[in-house]
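Report on the structure given below.
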Amino acid sequence: MKFLLLPFVVLTGALALYYAWKEYHKINDFKIDNQRVVELSEIIHKGAMAFLKKEYVWLIPFVLVVSFLLMIMLGFASGFSFFIGALCSGLTGYVGMYVATHANGKTAFAASSSASGALKMAFSGGSIMGMIVVGVGVLGVSFCFLFWSPETITSFGMGASSIALFARVGGGIFTKAADVGADLVGKVEAGIPEDDPRNPAVIADNVGDNVGDIAGMGADLFESYVNSIIAAMALGATMTGVVSSVFPLILSGWGIVASIFGCILICNFDMLPKEFFKYAYKIPKVEGWLERIKDGKDPAFSLRAGTFAAGIAMIAGTFILSVLFFGLQSIQVFLSVVSGVLVGVLIGFVTEFYTSSEFKPVKDVASSSRTGPATVILSGIGLGMLSTGIPVLMIVLATLISYWLFGVYGVACSAVGMLSITGIALSVDAYGPIADNAGGIAQMSDMPPEVRKITDKLDSIGNTTAAMGKGLAIGSAALTALSLFVAYAAAAKLQVIDLIDPKVMASLLLGGMLPFIFCALSINAVGRAAEKMIEEVRRQFREIAGIMDEENPTRPEYEKCVEISTQAALHEMVLPGVIALVSPLLIGFILGKAALGGLLGGAIASGVMLALFMSNAGGAWDNAKKYIEEGNYGGKKTPEHAAAVVGDTVGDPFKDTAGPSLNILIKLMTVIALVIAPLL
């Protein structure tokens, strides 16, 4: 049966890779007629790829050792699947960042012609990352499932999660050390604009955008995507048989088709004929609004329209597939998947509400800057804590509804549904850092102010889409971790986990503590690296003659700042990663399988809350700063702006290092437990 169904999945995976290849050639064929833009883009590209290569060199021994140990303990298939999962995760990050660091300069140059052209270029670069992730993901899982048992694919997920954790933590430390140094010394102390070429940390900051938000986010969503599929497949195999274990793969394959449809719509929205909108044009004042969209002046609508179109196509296809696979029970499965899709979209909107400067919460944070940095910090912390409420209620609702409809398999299918259109969700997310880099290149190459205005608009929308992507990642992490947790309980033959058992209670508390320790290590790592970066930037401002000359400044020593971030990221990522890998093993083998269940329960509960709190608080601080920079509350170079920069500095490791890494932490711990379940 599985051999008859897998060709469809393989075909959709190949289709995703073909789409990425076509978009790459579109970017590659676009020529830049500005030598300074080419030079800056190449510097950023070399810095990003050099870091990634060094990171992978550090990770190769770890991958080989763990693969060898799994081969000894669980067999060749398990160890080899771990290796394939790690390889696929690394490959997606490498390809995505390679393309993004070529698309940034081309986006800046395209903005000199039109906003629409810049949007298309940035989104094309992001869509390659999105399609590589889903294409490699379904092909990798299909490969492991085709040749070995469904249980073996959990090792593939463990390999993907392991690399993703190191990529997320390392990338987050790199980018935030550079960002903090560039902001505090450049903006606050020296009073120069963001992305000013006189700032020695500016290249490291632009490199970091790619390292953290392209390679890091790509690896994050890759492991979320494959682990949601794996959890549903594992539960399907143990509870209802081969058909149920294959269904999540087929569903993901259709999600690729829906994502490609949405991406094509985004890139060609301005080419749709007027007849397409013939009814909308009859509504007063709508004509002018639609013309703004078609001219590329409202890119947010194009991005949302494509995402919604992909979601609608996904829901329609899910209904047909559910009928084909489950017959009389099709409506339960269909509604389980749809609950995940809808909750994912709603979490995205809630995240936008709490992190976009268009809404009251962020405006309140900006307003608090009038009384200094302390009140900015307090208002951001309060907002972050409050923002956990609605998303958690939605996750709970999706869990209860899907369980009521189709048991724990329904919960797993809900997680697959939430991540089914990862292809377009990640495309929209990855577009943001490319637009951000384009703005920096435009600033550093002295392009006309109109160009920077276009890239700033794209970057502002990119901040919101990135926040929505983080919200989706957190929601899917919770459902996926719950599904993996249930799969672990089934594999370990645990009918009940007794909270009165002292071993279970102790492990529950330890599990609740781990995300806090993990975040502390990550944030302190950013702090230590930022201190070195600040000292280096101050040294260069102090010692390099002519560096602050406005007409013909001396070139700063960019390479030293890049090296500081690189070394900090590589050294500091090790300990948080080791904690995540070792803690489930120690508890499982020392205190037993029930205690390991307690550890996972505590980690999932506190990890989801912390991730939501940190990501939303950080996003709010960031956009509150940008809201002031737009001219509100006095604008730049005011005490209000300085206070907001302090808030943004605190929020940087929250939203880009510790917060997103927690998604991977809770899934990595649960997938490790699932892999070692036969040994317990």
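In the structure tokens, chains take letters A, B, ... by order of appearance, with residues numbered from 1 within each chain and ligands from 1 in the order shown.
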* Excluding range 591-604 of chain A and any residue of its chain fewer than 2 positions from it, enumerate the residues within 8 Å of it, using only C-alpha atoms, and give them as number ranges by chain. => A: 478, 481-482, 485, 489, 492, 494, 497-499, 503-515, 584, 586-589, 606-608, 666, 669-670, 673, 677, 680
* Leaving out Val138 in chain A and any residue of its chain fewer than 3 positions from it, which residues lie within 9 Å of it when counting only C-alpha atoms, given as number ranges by chain? -> A: 9-10, 12-13, 133-135, 141-143, 225-226, 229, 249, 252-253
* Structure fact -> Restricting to only C-alpha atoms, whichever of A:Gln443, A:Thr371, A:Ser259, A:Thr649 is closest to Leu184 in chain A is A:Thr649
* **Of the listed residues A:Val243, A:Val645, A:Val185, A:Val337, that which approaches Glu531 in chain A most closely, counting only C-alpha atoms** =>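 The closest residue to Glu531 in chain A is A:Val185.
Considering the residues A:Glu450, A:Ile192, A:Ile421, A:Leu585 and counting only C-alpha atoms, Ala309 in chain A has its shortest atom-to-atom contact with A:Ile421.
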Per residue of range 337-369 of chain A within 9 Å of range 383-392 of chain A, which atom pair is closest and at what distance in Å (one decimal), using only C-alpha atoms, listed by chain and increasing number, as a tab-separated table?
residue	atom	partner	partner_atom	distance
A:Val343	CA	A:Pro391	CA	8.4
A:Leu346	CA	A:Pro391	CA	8.1
A:Ile347	CA	A:Pro391	CA	5.6
A:Val350	CA	A:Pro391	CA	7.3
A:Thr351	CA	A:Ser387	CA	7.8
A:Tyr354	CA	A:Ser387	CA	6.8
A:Pro361	CA	A:Leu383	CA	7.1
A:Val362	CA	A:Leu383	CA	8.6
A:Val365	CA	A:Leu383	CA	8.4
* Exercise: Ile256 in chain A partners within 12 Å, only C-alpha atoms, chain neighbours under 2 positions left out, as number ranges by chain -> A: 8-20, 127, 130-139, 225, 249-254, 258-263, 310-311, 313-314, 317, 419-427
* To do: Apply DSSP to the structure's backbone, then extract all residues of range 403-651 of chain A labelled helix (DSSP H, G or I) and return them as a ChimeraX atom specification.
  => /A:403-418,422-444,449-491,502-543,558-572,574-591,593-629,632-634,639-651
* Asked: Could you state the separation of CA of Ser357 in chain A and CA of Gly651 in chain A in Å, given to one decimal place?
  ->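 Between CA of Ser357 in chain A and CA of Gly651 in chain A the gap works out to 15.3 Å.
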